[in-house]
$ cat query.cif   # mmCIF, C-alpha atoms and all ligand atoms
data_query
#
loop_
_atom_site.label_atom_id
_atom_site.label_comp_id
_atom_site.auth_asym_id
_atom_site.auth_seq_id
_atom_site.Cartn_x
_atom_site.Cartn_y
_atom_site.Cartn_z
CA MET A 29 93.82 74.95 82.98
CA LEU A 30 95.75 78.14 83.54
CA ILE A 31 99.39 77.65 82.58
CA ARG A 32 101.60 79.77 84.80
CA ARG A 33 104.97 78.61 83.60
CA ARG A 34 107.61 81.25 83.22
CA PRO A 35 110.65 80.02 81.34
CA SER A 36 113.84 80.62 83.30
CA TRP A 37 115.45 82.34 80.30
CA ALA A 38 112.80 85.08 80.50
CA LEU A 39 114.16 86.30 83.84
CA PRO A 40 116.62 89.18 84.06
CA GLU A 41 120.16 87.95 84.63
CA SER A 42 120.17 89.74 88.00
CA ALA A 43 117.41 87.47 89.36
CA ALA A 44 118.46 84.56 91.57
CA THR A 45 119.58 81.91 89.13
CA PRO A 46 120.17 78.35 90.22
CA GLU A 47 123.60 76.93 89.62
CA SER A 48 122.32 74.22 87.30
CA VAL A 49 120.68 76.76 85.02
CA MET A 50 123.78 78.99 85.08
CA LEU A 51 125.91 76.01 84.11
CA SER A 52 123.65 74.98 81.27
CA ARG A 53 123.55 78.59 80.08
CA ARG A 54 127.33 78.79 80.20
CA SER A 55 127.82 75.62 78.22
CA LEU A 56 125.21 76.75 75.70
CA LEU A 57 126.95 80.09 75.29
CA ALA A 58 130.34 78.41 75.01
CA GLY A 59 128.92 76.38 72.16
CA SER A 60 127.73 79.64 70.49
CA VAL A 61 124.12 78.47 70.50
CA GLY A 62 121.59 81.25 70.89
CA LEU A 63 119.24 80.76 73.84
CA ILE A 64 116.07 81.00 71.80
CA GLY A 65 117.44 78.51 69.31
CA ALA A 66 118.52 76.21 72.14
CA ALA A 67 115.10 76.35 73.74
CA ALA A 68 113.58 75.13 70.52
CA MET A 69 116.00 72.23 70.19
CA PRO A 70 114.83 68.87 71.51
CA GLY A 71 116.74 67.53 74.49
CA LEU A 72 118.24 70.85 75.55
CA ALA A 73 116.40 71.69 78.76
CA LEU A 74 116.91 75.06 80.38
CA GLY A 75 115.84 73.85 83.82
CA ALA A 76 112.48 72.92 85.28
CA ALA A 77 109.72 75.48 85.38
CA SER A 78 110.10 76.29 89.08
CA ASP A 79 113.91 76.54 89.21
CA ASP A 80 113.82 80.33 89.40
CA LEU A 81 112.19 80.21 92.88
CA TYR A 82 115.39 79.28 94.73
CA PRO A 83 116.98 80.10 97.10
CA VAL A 84 114.07 80.69 99.48
CA LYS A 85 114.12 82.36 102.90
CA ARG A 86 115.17 80.21 105.86
CA ASN A 87 112.69 79.67 108.69
CA ASP A 88 114.99 80.03 111.72
CA SER A 89 112.73 78.12 114.09
CA PHE A 90 114.17 74.80 112.88
CA THR A 91 117.66 74.46 114.33
CA LEU A 92 120.27 71.69 114.33
CA ASP A 93 122.59 70.21 116.95
CA ARG A 94 125.05 69.02 114.30
CA PRO A 95 126.72 70.39 111.16
CA ILE A 96 124.84 70.49 107.87
CA SER A 97 125.94 67.48 105.83
CA ASP A 98 128.14 67.96 102.83
CA GLU A 99 126.00 68.50 99.72
CA ARG A 100 128.11 66.07 97.74
CA ASP A 101 127.53 63.27 100.27
CA VAL A 102 123.78 63.92 100.38
CA THR A 103 123.46 63.91 96.60
CA THR A 104 125.64 60.86 95.90
CA TYR A 105 124.71 58.46 98.73
CA ASN A 106 121.03 57.65 98.31
CA ASN A 107 118.23 55.19 98.80
CA TYR A 108 115.92 55.17 95.78
CA TYR A 109 114.98 51.60 94.99
CA GLU A 110 113.29 52.64 91.74
CA PHE A 111 116.82 53.05 90.39
CA GLY A 112 118.45 50.08 92.13
CA SER A 113 119.18 48.85 95.62
CA SER A 114 122.72 50.25 95.93
CA LYS A 115 123.53 53.67 97.39
CA ASN A 116 125.12 54.68 94.13
CA ILE A 117 122.05 55.45 92.00
CA TRP A 118 122.46 59.19 91.49
CA GLN A 119 123.54 58.92 87.88
CA ALA A 120 120.83 56.38 86.99
CA ALA A 121 118.23 58.73 88.49
CA GLN A 122 119.09 61.40 85.92
CA ALA A 123 117.00 59.41 83.41
CA LEU A 124 113.85 60.58 85.19
CA LYS A 125 112.02 63.42 83.45
CA VAL A 126 110.61 65.74 86.13
CA GLU A 127 108.95 68.30 83.89
CA PRO A 128 106.08 68.17 83.17
CA TRP A 129 105.04 66.21 86.29
CA GLN A 130 101.36 65.53 86.81
CA VAL A 131 100.15 65.32 90.43
CA ILE A 132 96.73 63.99 91.47
CA ILE A 133 95.11 64.94 94.77
CA ASP A 134 92.07 62.71 95.20
CA GLY A 135 90.05 60.33 97.37
CA MET A 136 88.05 61.80 100.25
CA VAL A 137 88.35 65.43 99.19
CA GLU A 138 85.78 68.07 98.28
CA LYS A 139 87.04 68.17 94.70
CA GLU A 140 89.75 66.16 92.95
CA ILE A 141 92.72 68.27 91.81
CA ARG A 142 95.08 67.54 88.90
CA ILE A 143 97.96 69.93 88.70
CA ASP A 144 101.50 70.10 87.37
CA ALA A 145 104.00 69.84 90.25
CA HIS A 146 105.71 73.07 89.23
CA ASP A 147 102.42 74.98 89.19
CA LEU A 148 101.65 73.51 92.61
CA ILE A 149 105.06 74.59 93.93
CA ARG A 150 104.38 78.14 92.71
CA LYS A 151 101.16 78.26 94.72
CA MET A 152 102.74 77.11 97.97
CA PRO A 153 104.46 79.11 100.75
CA LEU A 154 108.11 78.15 100.23
CA GLU A 155 110.73 78.32 102.98
CA GLU A 156 113.99 76.68 103.96
CA ARG A 157 114.25 74.38 107.00
CA LEU A 158 117.24 72.62 108.54
CA TYR A 159 116.19 69.05 109.39
CA ARG A 160 117.86 65.94 110.76
CA HIS A 161 117.23 62.75 108.76
CA ARG A 162 117.67 59.27 110.30
CA CYS A 163 117.65 56.23 108.02
CA VAL A 164 116.49 52.98 109.60
CA GLU A 165 119.83 51.53 108.44
CA ARG A 166 121.65 53.79 110.98
CA TRP A 167 123.13 56.43 108.71
CA ALA A 168 121.97 59.99 109.24
CA MET A 169 122.35 63.45 107.73
CA ALA A 170 121.35 67.07 108.28
CA VAL A 171 119.85 68.84 105.27
CA PRO A 172 118.72 72.37 104.37
CA TRP A 173 115.47 71.50 102.57
CA SER A 174 113.43 74.05 100.67
CA GLY A 175 109.73 73.40 100.30
CA PHE A 176 106.36 73.90 101.93
CA PRO A 177 104.44 72.55 104.92
CA LEU A 178 102.37 69.52 103.94
CA LYS A 179 99.51 71.18 105.83
CA ALA A 180 99.30 73.80 103.06
CA LEU A 181 98.56 71.02 100.55
CA VAL A 182 96.04 69.37 102.91
CA ASP A 183 94.28 72.72 103.34
CA MET A 184 94.15 73.17 99.57
CA ALA A 185 92.78 69.63 99.11
CA LYS A 186 89.94 70.17 101.62
CA PRO A 187 89.60 66.56 102.85
CA THR A 188 86.13 65.52 103.97
CA SER A 189 85.55 64.77 107.66
CA GLY A 190 85.80 61.00 107.11
CA ALA A 191 89.39 61.18 105.80
CA LYS A 192 91.77 59.71 108.39
CA TYR A 193 94.94 59.08 106.40
CA LEU A 194 96.98 60.56 103.58
CA ARG A 195 98.38 57.96 101.20
CA MET A 196 101.23 59.04 98.91
CA GLU A 197 102.45 57.25 95.81
CA THR A 198 105.62 57.48 93.68
CA PHE A 199 105.68 57.41 89.85
CA LYS A 200 105.80 54.06 88.09
CA ASP A 201 107.76 53.77 84.87
CA ALA A 202 110.12 50.84 84.55
CA SER A 203 111.38 52.17 81.20
CA VAL A 204 113.34 54.90 83.05
CA ALA A 205 113.43 53.52 86.59
CA THR A 206 115.14 50.21 85.94
CA GLY A 207 114.86 49.18 89.60
CA GLN A 208 111.14 48.86 88.98
CA ARG A 209 111.89 45.86 86.79
CA ALA A 210 112.56 44.00 90.07
CA PHE A 211 109.20 42.22 89.97
CA TRP A 212 109.44 41.01 93.58
CA TYR A 213 108.85 44.54 94.88
CA PRO A 214 105.29 45.93 95.11
CA TRP A 215 105.64 49.00 92.85
CA PRO A 216 104.81 51.82 93.04
CA TYR A 217 106.44 52.93 96.30
CA VAL A 218 103.70 53.94 98.72
CA GLU A 219 103.78 55.73 102.05
CA GLY A 220 101.18 57.07 104.42
CA LEU A 221 100.56 59.35 107.38
CA THR A 222 97.58 59.97 109.63
CA ILE A 223 95.88 63.30 108.94
CA GLU A 224 97.17 64.52 112.35
CA GLU A 225 100.73 63.66 111.29
CA ALA A 226 100.29 65.19 107.84
CA THR A 227 99.10 68.47 109.35
CA ASN A 228 101.76 68.58 112.08
CA GLU A 229 104.02 71.61 111.62
CA LEU A 230 107.06 69.37 110.94
CA ALA A 231 105.60 67.47 107.97
CA PHE A 232 107.20 69.09 104.94
CA ILE A 233 107.22 68.62 101.18
CA ALA A 234 110.76 69.21 99.96
CA THR A 235 111.06 70.77 96.52
CA GLY A 236 114.62 72.00 96.89
CA MET A 237 117.79 71.60 98.93
CA TYR A 238 120.99 73.59 99.49
CA GLY A 239 119.26 76.64 98.04
CA LYS A 240 118.55 74.93 94.71
CA PRO A 241 115.84 72.72 93.18
CA ILE A 242 115.89 69.23 94.67
CA PRO A 243 117.98 66.81 92.57
CA LYS A 244 116.32 63.84 90.97
CA GLN A 245 118.15 61.33 93.17
CA ASN A 246 116.80 63.06 96.29
CA GLY A 247 113.19 62.93 95.11
CA ALA A 248 112.43 65.68 92.57
CA PRO A 249 110.09 67.32 92.13
CA LEU A 250 108.14 66.52 95.35
CA ARG A 251 109.52 64.56 98.28
CA LEU A 252 108.19 64.15 101.78
CA ALA A 253 110.36 65.06 104.80
CA VAL A 254 109.04 63.74 108.13
CA PRO A 255 112.18 64.00 110.28
CA TRP A 256 110.83 62.33 113.43
CA LYS A 257 110.33 59.07 111.50
CA TYR A 258 112.77 56.65 109.93
CA GLY A 259 113.85 57.80 106.49
CA PHE A 260 111.85 55.26 104.48
CA LYS A 261 108.69 57.21 105.35
CA SER A 262 110.04 60.21 103.39
CA ILE A 263 108.72 59.15 99.99
CA LYS A 264 110.32 60.59 96.84
CA GLY A 265 108.97 61.45 93.39
CA ILE A 266 105.35 61.77 94.57
CA VAL A 267 102.63 61.69 91.90
CA ARG A 268 99.53 61.13 94.02
CA PHE A 269 98.14 62.35 97.35
CA ASN A 270 95.10 60.24 98.21
CA PHE A 271 92.88 60.94 101.24
CA THR A 272 91.34 57.82 102.71
CA ASP A 273 89.69 56.34 105.79
CA LYS A 274 91.85 53.18 105.60
CA MET A 275 95.39 52.89 106.92
CA PRO A 276 97.60 52.66 103.81
CA THR A 277 99.87 49.66 103.40
CA SER A 278 103.26 51.17 102.68
CA PHE A 279 105.86 49.68 100.32
CA TRP A 280 108.05 48.41 103.17
CA MET A 281 105.10 47.06 105.17
CA GLU A 282 104.22 44.99 102.16
CA VAL A 283 107.82 43.85 101.59
CA LEU A 284 108.58 42.97 105.23
CA GLY A 285 105.78 43.93 107.57
CA SER A 286 107.38 42.21 110.56
CA GLU A 287 110.27 44.72 110.43
CA TYR A 288 108.75 47.88 108.97
CA GLY A 289 105.52 49.27 110.34
CA PHE A 290 103.22 52.15 109.52
CA TYR A 291 104.36 54.61 112.18
CA ALA A 292 108.14 54.02 112.16
CA ASN A 293 108.91 56.76 114.70
CA VAL A 294 112.57 57.00 115.72
CA ASN A 295 113.31 55.57 119.17
CA PRO A 296 116.89 54.72 120.22
CA GLY A 297 115.51 52.36 122.88
CA VAL A 298 113.57 50.13 120.47
CA PRO A 299 115.94 48.02 118.37
CA HIS A 300 115.20 46.95 114.82
CA ARG A 301 114.68 43.20 114.70
CA ARG A 302 118.22 42.76 113.39
CA TRP A 303 120.22 45.69 114.86
CA SER A 304 120.29 48.28 117.63
CA GLN A 305 118.93 51.77 116.90
CA ALA A 306 120.80 53.41 119.81
CA GLN A 307 123.38 55.10 117.61
CA GLU A 308 123.80 56.56 114.16
CA GLN A 309 126.56 57.65 111.81
CA LEU A 310 126.39 60.99 110.07
CA LEU A 311 127.35 60.98 106.39
CA GLY A 312 131.00 62.04 106.22
CA GLU A 313 131.77 61.09 109.85
CA SER A 314 133.59 57.97 111.02
CA THR A 315 132.27 57.87 114.61
CA TYR A 316 128.77 57.20 115.91
CA ARG A 317 126.48 59.62 117.77
CA PRO A 318 123.59 58.73 120.06
CA THR A 319 120.22 58.62 118.30
CA LEU A 320 117.64 60.96 119.82
CA MET A 321 114.06 60.15 120.81
CA TYR A 322 111.80 61.03 117.85
CA ASN A 323 115.09 62.02 116.20
CA GLY A 324 115.14 65.12 118.43
CA TYR A 325 111.56 66.23 117.65
CA GLU A 326 109.82 64.80 120.72
CA GLU A 327 108.43 68.15 121.79
CA GLN A 328 106.66 68.67 118.46
CA VAL A 329 105.25 65.18 117.91
CA ALA A 330 105.11 63.00 121.07
CA HIS A 331 101.53 64.15 121.77
CA LEU A 332 100.37 62.55 118.50
CA TYR A 333 100.99 59.09 119.97
CA LYS A 334 99.73 59.51 123.54
CA GLY A 335 98.23 56.29 124.86
CA MET A 336 99.16 54.25 121.79
CA PRO A 337 100.94 50.88 122.25
CA GLN A 338 104.74 51.21 122.17
CA ASN A 339 105.07 48.13 119.98
CA LYS A 340 103.02 49.87 117.30
CA ILE A 341 104.58 53.30 116.99
CA PHE A 342 108.32 52.58 116.99
CA TYR A 343 108.79 50.21 114.09
N1 LIG A 401 111.20 57.02 98.12
C1 LIG A 401 111.08 56.21 97.06
N2 LIG A 401 110.15 56.49 96.15
N3 LIG A 401 111.87 55.13 96.89
C2 LIG A 401 112.81 54.78 97.82
O1 LIG A 401 113.51 53.75 97.64
N4 LIG A 401 113.87 55.32 99.97
C3 LIG A 401 113.58 55.89 101.30
C4 LIG A 401 113.22 57.37 101.20
N5 LIG A 401 112.28 57.61 100.13
C5 LIG A 401 112.96 55.61 98.97
C6 LIG A 401 112.13 56.76 99.08
C7 LIG A 401 114.68 55.73 102.23
S1 LIG A 401 114.94 54.16 102.83
C8 LIG A 401 115.43 56.78 102.68
S2 LIG A 401 116.54 56.58 103.95
C9 LIG A 401 115.35 58.10 102.04
O2 LIG A 401 114.40 58.12 100.98
C10 LIG A 401 116.70 58.47 101.50
O3 LIG A 401 116.69 59.78 101.03
P1 LIG A 401 118.00 60.41 100.37
O4 LIG A 401 118.46 59.49 99.29
O5 LIG A 401 117.59 61.74 99.84
O6 LIG A 401 119.02 60.51 101.45
#

$ encode --input "query.cif" --output "C-alpha cells"
Amino acid sequence: MLIRRRPSWALPESAATPESVMLSRRSLLAGSVGLIGAAAMPGLALGAASDDLYPVKRNDSFTLDRPISDERDVTTYNNYYEFGSSKNIWQAAQALKVEPWQVIIDGMVEKEIRIDAHDLIRKMPLEERLYRHRCVERWAMAVPWSGFPLKALVDMAKPTSGAKYLRMETFKDASVATGQRAFWYPWPYVEGLTIEEATNELAFIATGMYGKPIPKQNGAPLRLAVPWKYGFKSIKGIVRFNFTDKMPTSFWMEVLGSEYGFYANVNPGVPHRRWSQAQEQLLGESTYRPTLMYNGYEEQVAHLYKGMPQNKIFY
C-alpha cells in the first residue's frame, strides 16, 4: 500500500501548524531536545499524520442561529461511554492511540478497502461546517466541525445496488477504553443510517473542530455528525463502515430499544419516554431554548421520511 504520510516536522514553519503541534514543539525545544532525536524517541509523538491539514476553508452555506459553543465546554463535557458514563471523560480518553488507525470499508461494496484513517482523510474534500448538535438528554451545542461529506466516502466505497444501510462501528479495546469493561453494554458501539441518509448533503464525517484536529474525547480520528438526529447517532472513533441490506441494530437500540430507535430524528413535539424534548440547554447557558424540528434542518431532510410512520422516525 502506498504510504502518503508526511511528518508534521517536515513542513516549513510558515505552514499552518496546529496548536497542539506548536505546543509539543515548544516544550521539546524548551527541553533542548532536537526534533529529529525526539522523533526517534518512543512516546514522544509530534502529532498525528493529518494534523498539518488544519484549518480548512469554511463552507458558508451552513449557518447557525446561535453562538458557537465555547471550545473548552465542548472538549470537556462529553458522552463517550467507552471511557465511562460520566461527562468528565476527556482525560481518560487521552489513553486512546489514534495513529495509526486502521479503517475497513466492507460488506456490499465492489471491493473491500482497508486504509489508514489519516490516508483516508488526505484523500477527502475537507471543509469546515457550523452545525447544531442536540443530545437526547436535552443539552445542545454549536460546533465548527472540519471534515468531509459522508457521501464522498460512500462514492469511494461503490456500494452494490442491494446495499440499503451503512453500519458504522467504533474500536474495541478494553485495555485503553476502561468503560468497555462494563460487560452489560453490547460493545463495540454501533450506529447506522440508510443509504439515503448517508448520502444526504448534511451527513458529515468530522475529522477536526475549531480549526484543529478533532480531540480524542470528541471522536478522533473519524466521527459522524448527523445534526438532524439526536446526538447518540453521531458515532465516534469509527473503525468500520459496513454496507448491508439489513437495518443495523445500534448500540442504544440494543441497550434500551423501547427508548432509542434507529431513526432518532429530533422532534420537539415527540417526548422521550421519560422527559419532554420541547426545549434544550446550550452548553455554557443557564436558560433553555426551544428545540427545532429536525434540529433546524427540516428543509434538507424532511423529504427522506415522507409517508413513514411518525412513531418510527422520532425516537
Ligand atoms: N460514540 C461512541 N463511540 N460512544 C459514545 O458513548 N456517545 C454519543 C455520541 N457518539 C457516544 C458516541 C452521544 S450520546 C452524544 S450526545 C455525542 O457522541 C456526544 O458528542 P460530544 O462528546 O463530542 O459532545

$ residues_around --input "query.cif" --residues "A:Val102" --least-positions-apart "2" --cutoff "9 Å" --atoms "only C-alpha atoms" --output "list in words"
Ser97, Asp98, Glu99, Arg100, Thr104, Tyr105, Asn106, Met169, Ala170, Val171, Asn246 and Leu311 of chain A

$ closest_residue --input "query.cif" --among "A:Asp101, A:Glu327, A:Asp144, A:Glu313" --to "ligand LIG 401 (chain A)" --atoms "only C-alpha atoms and all ligand atoms"
A:Asp101

$ residues_near_ligand --input "query.cif" --ligand "ligand LIG 401 (chain A)" --cutoff "6 Å" --atoms "all atoms listed in the file" --output "PyMOL selection string"
chain A and resi 102+106-110+163+198+217+246+259-260+262-265

$ residues_around --input "query.cif" --residues "A:Gly112" --least-positions-apart "2" --cutoff "12 Å" --atoms "all atoms listed in the file" --output "MDAnalysis selection string"
chainID A and resid 106:110 114:121 202 204:210 213 245

$ residues_around --input "query.cif" --residues "stretch 221-234 of chain A" --least-positions-apart "6" --cutoff "10 Å" --atoms "all atoms listed in the file" --output "ChimeraX atom specification"
/A:90,149,154-157,159,172-183,187,191-196,241-242,246-256,261-264,266,271-276,278,290-291,325,328-329,332-333

$ atom_distance --input "query.cif" --atom1 "atom CA of A:Ile143" --atom2 "atom CA of A:Val131"
5.4 Å

$ decode --input "query.cif" --residues "stretch 237-277 of chain A" --atoms "N, CA and C atoms" --output "PDB file, in the first residue's frame"
ATOM      1  N   MET A 237     -12.080  20.030  14.606  1.00  0.00           N
ATOM      2  CA  MET A 237     -13.020  21.022  15.121  1.00  0.00           C
ATOM      3  C   MET A 237     -12.245  22.241  15.599  1.00  0.00           C
ATOM      4  N   TYR A 238     -12.896  23.399  15.570  1.00  0.00           N
ATOM      5  CA  TYR A 238     -12.246  24.655  15.961  1.00  0.00           C
ATOM      6  C   TYR A 238     -10.925  24.856  15.216  1.00  0.00           C
ATOM      7  N   GLY A 239     -10.909  24.456  13.954  1.00  0.00           N
ATOM      8  CA  GLY A 239      -9.723  24.695  13.122  1.00  0.00           C
ATOM      9  C   GLY A 239      -8.541  23.802  13.433  1.00  0.00           C
ATOM     10  N   LYS A 240      -8.776  22.729  14.200  1.00  0.00           N
ATOM     11  CA  LYS A 240      -7.683  21.833  14.600  1.00  0.00           C
ATOM     12  C   LYS A 240      -8.146  20.379  14.440  1.00  0.00           C
ATOM     13  N   PRO A 241      -7.220  19.426  14.543  1.00  0.00           N
ATOM     14  CA  PRO A 241      -7.657  18.023  14.504  1.00  0.00           C
ATOM     15  C   PRO A 241      -8.656  17.752  15.629  1.00  0.00           C
ATOM     16  N   ILE A 242      -9.573  16.861  15.401  1.00  0.00           N
ATOM     17  CA  ILE A 242     -10.598  16.569  16.415  1.00  0.00           C
ATOM     18  C   ILE A 242      -9.950  15.895  17.627  1.00  0.00           C
ATOM     19  N   PRO A 243     -10.246  16.366  18.835  1.00  0.00           N
ATOM     20  CA  PRO A 243      -9.669  15.727  20.026  1.00  0.00           C
ATOM     21  C   PRO A 243     -10.209  14.315  20.235  1.00  0.00           C
ATOM     22  N   LYS A 244      -9.449  13.544  20.965  1.00  0.00           N
ATOM     23  CA  LYS A 244      -9.831  12.145  21.196  1.00  0.00           C
ATOM     24  C   LYS A 244     -11.203  12.038  21.845  1.00  0.00           C
ATOM     25  N   GLN A 245     -11.467  12.902  22.830  1.00  0.00           N
ATOM     26  CA  GLN A 245     -12.745  12.806  23.553  1.00  0.00           C
ATOM     27  C   GLN A 245     -13.945  13.139  22.674  1.00  0.00           C
ATOM     28  N   ASN A 246     -13.719  13.829  21.567  1.00  0.00           N
ATOM     29  CA  ASN A 246     -14.817  14.162  20.653  1.00  0.00           C
ATOM     30  C   ASN A 246     -14.916  13.189  19.478  1.00  0.00           C
ATOM     31  N   GLY A 247     -14.028  12.170  19.457  1.00  0.00           N
ATOM     32  CA  GLY A 247     -14.218  11.108  18.474  1.00  0.00           C
ATOM     33  C   GLY A 247     -13.122  10.880  17.472  1.00  0.00           C
ATOM     34  N   ALA A 248     -11.900  11.377  17.736  1.00  0.00           N
ATOM     35  CA  ALA A 248     -10.786  11.199  16.805  1.00  0.00           C
ATOM     36  C   ALA A 248     -10.588   9.718  16.482  1.00  0.00           C
ATOM     37  N   PRO A 249     -10.140   9.428  15.262  1.00  0.00           N
ATOM     38  CA  PRO A 249      -9.877  10.384  14.182  1.00  0.00           C
ATOM     39  C   PRO A 249     -11.074  10.595  13.248  1.00  0.00           C
ATOM     40  N   LEU A 250     -12.111   9.744  13.353  1.00  0.00           N
ATOM     41  CA  LEU A 250     -13.284   9.849  12.470  1.00  0.00           C
ATOM     42  C   LEU A 250     -14.537   9.777  13.311  1.00  0.00           C
ATOM     43  N   ARG A 251     -15.395  10.774  13.177  1.00  0.00           N
ATOM     44  CA  ARG A 251     -16.628  10.822  13.968  1.00  0.00           C
ATOM     45  C   ARG A 251     -17.759  11.318  13.077  1.00  0.00           C
ATOM     46  N   LEU A 252     -18.887  10.660  13.172  1.00  0.00           N
ATOM     47  CA  LEU A 252     -20.033  11.062  12.368  1.00  0.00           C
ATOM     48  C   LEU A 252     -20.679  12.322  12.953  1.00  0.00           C
ATOM     49  N   ALA A 253     -21.200  13.200  12.084  1.00  0.00           N
ATOM     50  CA  ALA A 253     -22.023  14.335  12.537  1.00  0.00           C
ATOM     51  C   ALA A 253     -23.279  14.345  11.668  1.00  0.00           C
ATOM     52  N   VAL A 254     -24.400  13.959  12.280  1.00  0.00           N
ATOM     53  CA  VAL A 254     -25.703  13.965  11.586  1.00  0.00           C
ATOM     54  C   VAL A 254     -26.629  14.869  12.404  1.00  0.00           C
ATOM     55  N   PRO A 255     -26.585  16.185  12.146  1.00  0.00           N
ATOM     56  CA  PRO A 255     -27.133  17.156  13.095  1.00  0.00           C
ATOM     57  C   PRO A 255     -28.646  17.182  13.193  1.00  0.00           C
ATOM     58  N   TRP A 256     -29.363  16.517  12.288  1.00  0.00           N
ATOM     59  CA  TRP A 256     -30.818  16.496  12.399  1.00  0.00           C
ATOM     60  C   TRP A 256     -31.310  15.369  13.311  1.00  0.00           C
ATOM     61  N   LYS A 257     -30.383  14.567  13.799  1.00  0.00           N
ATOM     62  CA  LYS A 257     -30.706  13.423  14.662  1.00  0.00           C
ATOM     63  C   LYS A 257     -30.174  13.653  16.068  1.00  0.00           C
ATOM     64  N   TYR A 258     -30.740  12.939  17.032  1.00  0.00           N
ATOM     65  CA  TYR A 258     -30.207  13.032  18.390  1.00  0.00           C
ATOM     66  C   TYR A 258     -28.745  12.589  18.390  1.00  0.00           C
ATOM     67  N   GLY A 259     -27.995  13.202  19.315  1.00  0.00           N
ATOM     68  CA  GLY A 259     -26.538  13.079  19.308  1.00  0.00           C
ATOM     69  C   GLY A 259     -25.994  11.673  19.366  1.00  0.00           C
ATOM     70  N   PHE A 260     -26.754  10.718  19.931  1.00  0.00           N
ATOM     71  CA  PHE A 260     -26.177   9.364  20.056  1.00  0.00           C
ATOM     72  C   PHE A 260     -25.945   8.703  18.706  1.00  0.00           C
ATOM     73  N   LYS A 261     -26.600   9.243  17.637  1.00  0.00           N
ATOM     74  CA  LYS A 261     -26.357   8.696  16.304  1.00  0.00           C
ATOM     75  C   LYS A 261     -24.951   9.053  15.797  1.00  0.00           C
ATOM     76  N   SER A 262     -24.371  10.130  16.343  1.00  0.00           N
ATOM     77  CA  SER A 262     -23.086  10.637  15.832  1.00  0.00           C
ATOM     78  C   SER A 262     -21.929   9.855  16.438  1.00  0.00           C
ATOM     79  N   ILE A 263     -21.713   8.681  15.923  1.00  0.00           N
ATOM     80  CA  ILE A 263     -20.748   7.717  16.469  1.00  0.00           C
ATOM     81  C   ILE A 263     -19.304   8.230  16.352  1.00  0.00           C
ATOM     82  N   LYS A 264     -18.538   7.963  17.422  1.00  0.00           N
ATOM     83  CA  LYS A 264     -17.135   8.414  17.496  1.00  0.00           C
ATOM     84  C   LYS A 264     -16.169   7.257  17.236  1.00  0.00           C
ATOM     85  N   GLY A 265     -14.927   7.614  16.951  1.00  0.00           N
ATOM     86  CA  GLY A 265     -13.854   6.611  16.871  1.00  0.00           C
ATOM     87  C   GLY A 265     -14.178   5.470  15.916  1.00  0.00           C
ATOM     88  N   ILE A 266     -14.639   5.807  14.701  1.00  0.00           N
ATOM     89  CA  ILE A 266     -15.120   4.768  13.767  1.00  0.00           C
ATOM     90  C   ILE A 266     -13.951   3.958  13.188  1.00  0.00           C
ATOM     91  N   VAL A 267     -14.120   2.633  13.189  1.00  0.00           N
ATOM     92  CA  VAL A 267     -13.107   1.760  12.574  1.00  0.00           C
ATOM     93  C   VAL A 267     -13.652   0.985  11.377  1.00  0.00           C
ATOM     94  N   ARG A 268     -15.003   0.958  11.256  1.00  0.00           N
ATOM     95  CA  ARG A 268     -15.552   0.137  10.178  1.00  0.00           C
ATOM     96  C   ARG A 268     -16.812   0.769   9.595  1.00  0.00           C
ATOM     97  N   PHE A 269     -16.866   0.806   8.268  1.00  0.00           N
ATOM     98  CA  PHE A 269     -18.051   1.236   7.527  1.00  0.00           C
ATOM     99  C   PHE A 269     -18.501   0.008   6.738  1.00  0.00           C
ATOM    100  N   ASN A 270     -19.660  -0.529   7.095  1.00  0.00           N
ATOM    101  CA  ASN A 270     -20.120  -1.781   6.501  1.00  0.00           C
ATOM    102  C   ASN A 270     -21.440  -1.545   5.764  1.00  0.00           C
ATOM    103  N   PHE A 271     -21.464  -1.856   4.475  1.00  0.00           N
ATOM    104  CA  PHE A 271     -22.680  -1.674   3.674  1.00  0.00           C
ATOM    105  C   PHE A 271     -23.483  -2.964   3.723  1.00  0.00           C
ATOM    106  N   THR A 272     -24.789  -2.831   3.974  1.00  0.00           N
ATOM    107  CA  THR A 272     -25.599  -4.017   4.214  1.00  0.00           C
ATOM    108  C   THR A 272     -27.032  -3.810   3.716  1.00  0.00           C
ATOM    109  N   ASP A 273     -27.750  -4.915   3.568  1.00  0.00           N
ATOM    110  CA  ASP A 273     -29.170  -4.806   3.197  1.00  0.00           C
ATOM    111  C   ASP A 273     -30.063  -4.967   4.419  1.00  0.00           C
ATOM    112  N   LYS A 274     -29.450  -5.108   5.612  1.00  0.00           N
ATOM    113  CA  LYS A 274     -30.245  -5.272   6.844  1.00  0.00           C
ATOM    114  C   LYS A 274     -30.109  -4.058   7.745  1.00  0.00           C
ATOM    115  N   MET A 275     -31.232  -3.618   8.307  1.00  0.00           N
ATOM    116  CA  MET A 275     -31.168  -2.463   9.209  1.00  0.00           C
ATOM    117  C   MET A 275     -30.282  -2.797  10.413  1.00  0.00           C
ATOM    118  N   PRO A 276     -29.205  -2.020  10.627  1.00  0.00           N
ATOM    119  CA  PRO A 276     -28.317  -2.327  11.750  1.00  0.00           C
ATOM    120  C   PRO A 276     -29.019  -2.116  13.094  1.00  0.00           C
ATOM    121  N   THR A 277     -28.659  -2.931  14.056  1.00  0.00           N
ATOM    122  CA  THR A 277     -29.118  -2.709  15.429  1.00  0.00           C
ATOM    123  C   THR A 277     -28.054  -1.857  16.103  1.00  0.00           C
TER     124      THR A 277
END
